[in-house]
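Written below as structure tokens is the structure these notes are about.
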Amino acid sequence: MSHIASGPENEVSLPSADTGAPLAGITVLDFSRFLPGQLCTSVLADFGARVIRIENPRDIAKISSALGWDRLDQAERERIRAVDSLARNKQSVIVDIGHPDAADVLPPLIRLSSVIVEDYRPGMLDKLGWGYHDVEKLNRSINYCSLSFAGQSGPYRNKPGHDQIALALTGLLARVGEDPGKPSLPNIPLADVTCGLQGVIGILLATMATRQTGLGQQVDVSITESLMPFLAWLVSRLATGAKVASRDAPRIDVGIWRTSDHAFLCLTNMEPRFWERFCTAIGREDFAARQYDEAGYPAMRTAIEDIIGSRPIAAWLRIFQEHDVQAAPVNDISAALNDPHLRDREMIVEREAGGRTVPAIAPGVRLSRTPPRFRGLGEMPGSSTHAVLQELGLGDERIAALQASGCIGKNRS
């Protein structure tokens, strides 16, 4: 069975509840604006939840100005939104949540929803009347997921920060890189992605609890605390008195090596049997017994650098595969998107958007009976405003009045 199920080819229809999906029947009201929340709701949407994205016109204007989208024509803006993997399978409704008339729009949406996801600074939505305790009065069974930098309580509750600050606080940044002089910044949103996935876990746990009690709860997930599981193995070693190697501690059995064609190989042969296979593969069986000979590492490293540097990467990949050695090329993004294994596993799927074929990343979870579905590409902000409000029972006249007051946005704005 395919990892990814699809509707008709190039379908860009209004996403709706997927009755055959594991999260069918769950409606998510998505107030999030940043990567953790967008990833969280994207996973829920891919597995059948109906996600209604609440987009604030002020945030849309700020992002458009910052990224230069306000200077693009409509067709190009639509293409950008369509290729946004985190916007797929979601309906978009433009609502100014601080507008007085939002009280006519948000309460019925809240009553309709099973889950809320928000990523505002702690206390911000409380000031606007849409915090957890306000929402709980409207819908006792709703699960309210708050994603923030450091959580809804504690000394850092109001602290601003992004991914790298969380890495710094948790001690993980101190372990990145090999320069003994200072740590390195990873050029990937490690904390943001981890937070988004922890949000998914929290929502699913809370949903299961609601099925038992009938009551919802607040799901408090922070970027910072989402990183703490990465410390579990280090803390375990410290508790037993074992020494934790420093960031720049030399290892001969793990590393990145340059080949003759200036490509890079990553090798991770920590287990003795893999280290022995590696030594055999490079013709230095005498190194096999010296895996832990730290005094000999400099000379061994020089010898291995010369050996690896004597052949192109394709030759080494073939040799290491024959010897069952742990090795991989250090791919750039383009190479990763064309990796034959990832293609075969359908982790990269192609969709049509604006007359172009664009790649999309599939969820990493594989379900044999209820796979994720791509029901629609990312729609423009406000594309579903009118349809969703009509579904709530608002007539055309009232919708027009809300639009005139500035509470809601125009379609496809």
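Within each chain, counting starts at residue 1; across the structure tokens, chains are named A, B, ... in the order shown, with ligands numbered 1 upward in that order.
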
Could you list, as a ChimeraX atom specification, every residue within 8 Å of segment 50-57 of chain A, counting only C-alpha atoms and ignoring same-chain residues fewer than 3 positions away?
/A:15-18,24-33,41,44-45,60-61,89-97,381-382,409

Hey, what's within 12 Å of Ala102 of chain A if we count only C-alpha atoms and toss same-chain stuff fewer than 6 positions away? As JSON, numbers by chain, please? {"A": [54, 56, 94, 95, 96, 108, 109, 110, 128, 129, 130, 389, 399, 402, 403, 405, 406, 407, 408, 409]}

| request: as a list in words, please: all residues of segment 254-385 of chain A that backbone DSSP puts in strand (DSSP E or B). | output: Val254, Gly255, Ile256, Trp257, Arg258, Phe264, Leu265, Cys266, Leu267, Thr268, Ala327, Ala328, Pro329, Ile348, Val349, Glu350, Arg351, Glu352, Ala353, Arg356, Thr357, Val358, Pro359, Ala360, Ile361, Arg373 and Phe374 of chain A

Using only C-alpha atoms, which residues sit within 7 Å of Leu86 of chain A once same-chain residues fewer than 3 positions away are excluded, as an MDAnalysis selection string? chainID A and resid 38:39 42

Generate the output file for the selected residues, N, CA and C atoms, as a short mmCIF file (atom, residue, chain, number, x, y, z; two decimals), in the first residue's frame.
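Produced file result.cif, reproduced below:
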data_model
loop_
_atom_site.label_atom_id
_atom_site.label_comp_id
_atom_site.auth_asym_id
_atom_site.auth_seq_id
_atom_site.Cartn_x
_atom_site.Cartn_y
_atom_site.Cartn_z
N GLN A 38 2.61 25.29 12.98
CA GLN A 38 2.24 24.93 11.62
C GLN A 38 2.57 23.48 11.32
N LEU A 39 3.71 23.00 11.84
CA LEU A 39 4.06 21.60 11.65
C LEU A 39 3.10 20.69 12.42
N SER A 42 -0.14 20.52 10.65
CA SER A 42 0.05 19.86 9.36
C SER A 42 0.00 18.34 9.52
#

Spatial neighbours of Gly131 of chain A, max dist 12 Å, only C-alpha atoms, sep filter under 4 positions, as JSON, numbers by chain: {"A": [31, 97, 110, 116, 117, 118, 119, 120, 121, 122, 123, 124, 125, 126, 127, 135, 136, 137, 138, 143, 144, 145, 146, 152, 218]}

Practice item. Name the residues of segment 3-207 of chain A that come out as alpha helix (DSSP H) in a backbone DSSP run; write them as a ChimeraX atom specification. Key: /A:35-46,57-67,74-82,102-112,124-128,132-138,163-169,190-207

Could you write out that same residue set with C-alpha atoms as a PDB file, in the first residue's frame?
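Result file follows (selection.pdb):
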ATOM      1  CA  LEU A  35       6.927  26.620  12.452  1.00  0.00           C
ATOM      2  CA  PRO A  36       6.161  24.552  15.590  1.00  0.00           C
ATOM      3  CA  GLY A  37       2.419  25.163  15.396  1.00  0.00           C
ATOM      4  CA  GLN A  38       2.235  24.934  11.616  1.00  0.00           C
ATOM      5  CA  LEU A  39       4.064  21.599  11.651  1.00  0.00           C
ATOM      6  CA  CYS A  40       1.881  20.294  14.469  1.00  0.00           C
ATOM      7  CA  THR A  41      -1.375  21.059  12.671  1.00  0.00           C
ATOM      8  CA  SER A  42       0.046  19.858   9.360  1.00  0.00           C
ATOM      9  CA  VAL A  43       0.601  16.378  10.806  1.00  0.00           C
ATOM     10  CA  LEU A  44      -2.923  16.359  12.237  1.00  0.00           C
ATOM     11  CA  ALA A  45      -4.337  17.461   8.875  1.00  0.00           C
ATOM     12  CA  ASP A  46      -2.384  14.859   6.920  1.00  0.00           C
ATOM     13  CA  PRO A  57      -4.714  40.204   8.744  1.00  0.00           C
ATOM     14  CA  ARG A  58      -2.033  42.098  10.686  1.00  0.00           C
ATOM     15  CA  ASP A  59       0.239  39.049  10.750  1.00  0.00           C
ATOM     16  CA  ILE A  60      -0.369  38.460   7.045  1.00  0.00           C
ATOM     17  CA  ALA A  61       0.631  42.050   6.268  1.00  0.00           C
ATOM     18  CA  LYS A  62       3.786  41.875   8.398  1.00  0.00           C
ATOM     19  CA  ILE A  63       4.956  38.587   6.889  1.00  0.00           C
ATOM     20  CA  SER A  64       4.152  39.721   3.326  1.00  0.00           C
ATOM     21  CA  SER A  65       6.146  42.913   3.824  1.00  0.00           C
ATOM     22  CA  ALA A  66       9.094  41.167   5.467  1.00  0.00           C
ATOM     23  CA  LEU A  67       9.375  38.522   2.735  1.00  0.00           C
ATOM     24  CA  GLN A  74      -1.470  37.339  -7.334  1.00  0.00           C
ATOM     25  CA  ALA A  75      -0.422  34.315  -9.395  1.00  0.00           C
ATOM     26  CA  GLU A  76       3.034  34.187  -7.821  1.00  0.00           C
ATOM     27  CA  ARG A  77       1.623  34.594  -4.312  1.00  0.00           C
ATOM     28  CA  GLU A  78      -0.770  31.730  -4.958  1.00  0.00           C
ATOM     29  CA  ARG A  79       2.099  29.569  -6.198  1.00  0.00           C
ATOM     30  CA  ILE A  80       4.148  30.287  -3.065  1.00  0.00           C
ATOM     31  CA  ARG A  81       1.250  29.318  -0.836  1.00  0.00           C
ATOM     32  CA  ALA A  82       0.490  26.210  -2.875  1.00  0.00           C
ATOM     33  CA  ALA A 102     -14.623  38.604  16.546  1.00  0.00           C
ATOM     34  CA  ALA A 103     -17.052  37.682  19.332  1.00  0.00           C
ATOM     35  CA  ASP A 104     -19.561  36.862  16.572  1.00  0.00           C
ATOM     36  CA  VAL A 105     -17.123  34.614  14.707  1.00  0.00           C
ATOM     37  CA  LEU A 106     -14.834  32.791  17.124  1.00  0.00           C
ATOM     38  CA  PRO A 107     -17.285  31.371  19.732  1.00  0.00           C
ATOM     39  CA  PRO A 108     -19.214  29.249  17.201  1.00  0.00           C
ATOM     40  CA  LEU A 109     -15.913  28.065  15.738  1.00  0.00           C
ATOM     41  CA  ILE A 110     -14.692  27.144  19.202  1.00  0.00           C
ATOM     42  CA  ARG A 111     -17.854  25.176  19.890  1.00  0.00           C
ATOM     43  CA  LEU A 112     -17.324  23.356  16.588  1.00  0.00           C
ATOM     44  CA  MET A 124      -1.578  37.371  25.151  1.00  0.00           C
ATOM     45  CA  LEU A 125      -4.743  35.496  24.205  1.00  0.00           C
ATOM     46  CA  ASP A 126      -6.026  35.855  27.772  1.00  0.00           C
ATOM     47  CA  LYS A 127      -5.936  39.631  27.287  1.00  0.00           C
ATOM     48  CA  LEU A 128      -7.990  39.266  24.109  1.00  0.00           C
ATOM     49  CA  TYR A 132      -7.710  28.628  27.760  1.00  0.00           C
ATOM     50  CA  HIS A 133     -10.004  29.518  30.653  1.00  0.00           C
ATOM     51  CA  ASP A 134     -12.149  31.710  28.377  1.00  0.00           C
ATOM     52  CA  VAL A 135     -12.407  28.996  25.741  1.00  0.00           C
ATOM     53  CA  GLU A 136     -13.113  26.272  28.313  1.00  0.00           C
ATOM     54  CA  LYS A 137     -16.324  28.082  29.247  1.00  0.00           C
ATOM     55  CA  LEU A 138     -17.504  27.774  25.645  1.00  0.00           C
ATOM     56  CA  ASP A 163      15.321  27.791  18.263  1.00  0.00           C
ATOM     57  CA  GLN A 164      18.976  28.534  19.001  1.00  0.00           C
ATOM     58  CA  ILE A 165      18.228  30.155  22.384  1.00  0.00           C
ATOM     59  CA  ALA A 166      16.406  26.989  23.460  1.00  0.00           C
ATOM     60  CA  LEU A 167      19.396  24.894  22.370  1.00  0.00           C
ATOM     61  CA  ALA A 168      21.657  27.174  24.412  1.00  0.00           C
ATOM     62  CA  LEU A 169      19.527  26.994  27.568  1.00  0.00           C
ATOM     63  CA  LEU A 190      15.857  21.420  15.483  1.00  0.00           C
ATOM     64  CA  ALA A 191      13.973  22.808  18.496  1.00  0.00           C
ATOM     65  CA  ASP A 192      11.034  24.124  16.461  1.00  0.00           C
ATOM     66  CA  VAL A 193      10.434  20.809  14.721  1.00  0.00           C
ATOM     67  CA  THR A 194      10.779  18.862  17.966  1.00  0.00           C
ATOM     68  CA  CYS A 195       8.291  21.195  19.654  1.00  0.00           C
ATOM     69  CA  GLY A 196       5.762  20.754  16.844  1.00  0.00           C
ATOM     70  CA  LEU A 197       5.979  16.968  17.069  1.00  0.00           C
ATOM     71  CA  GLN A 198       5.693  17.070  20.872  1.00  0.00           C
ATOM     72  CA  GLY A 199       2.572  19.163  20.332  1.00  0.00           C
ATOM     73  CA  VAL A 200       1.103  16.374  18.208  1.00  0.00           C
ATOM     74  CA  ILE A 201       1.849  13.850  20.961  1.00  0.00           C
ATOM     75  CA  GLY A 202       0.287  16.087  23.605  1.00  0.00           C
ATOM     76  CA  ILE A 203      -2.871  16.645  21.569  1.00  0.00           C
ATOM     77  CA  LEU A 204      -3.325  12.941  20.882  1.00  0.00           C
ATOM     78  CA  LEU A 205      -2.825  12.096  24.564  1.00  0.00           C
ATOM     79  CA  ALA A 206      -5.305  14.769  25.624  1.00  0.00           C
ATOM     80  CA  THR A 207      -7.795  13.546  23.020  1.00  0.00           C
TER      81      THR A 207
END

(Q) Residues within 12 Å of Thr259 of chain A, please, as a list in words. Count only C-alpha atoms; anything in the same chain fewer than 4 positions from it doesn't count. (A)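 Residues near the query, excluding close chain neighbours: Ala263, Phe264, Leu265, Cys266, Ile304, Glu305, Asp306, Ile307, Ile308, Gly309, Ser310, Arg311, Pro312, Ile313, Ala314, Ala315, Trp316, Leu317, Pro329 and Val330 of chain A.
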
Name all residues at most 7 Å from Ala281 of chain A (count only C-alpha atoms; drop same-chain ones fewer than 2 positions away) and give them as a list in words.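 Those residues are Arg277, Phe278, Cys279, Gly283, Ile319, Phe320 and His323 of chain A.
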
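Atom CA of Ile282 of chain A is found 29.1 Å from atom CA of Ser334 of chain A.
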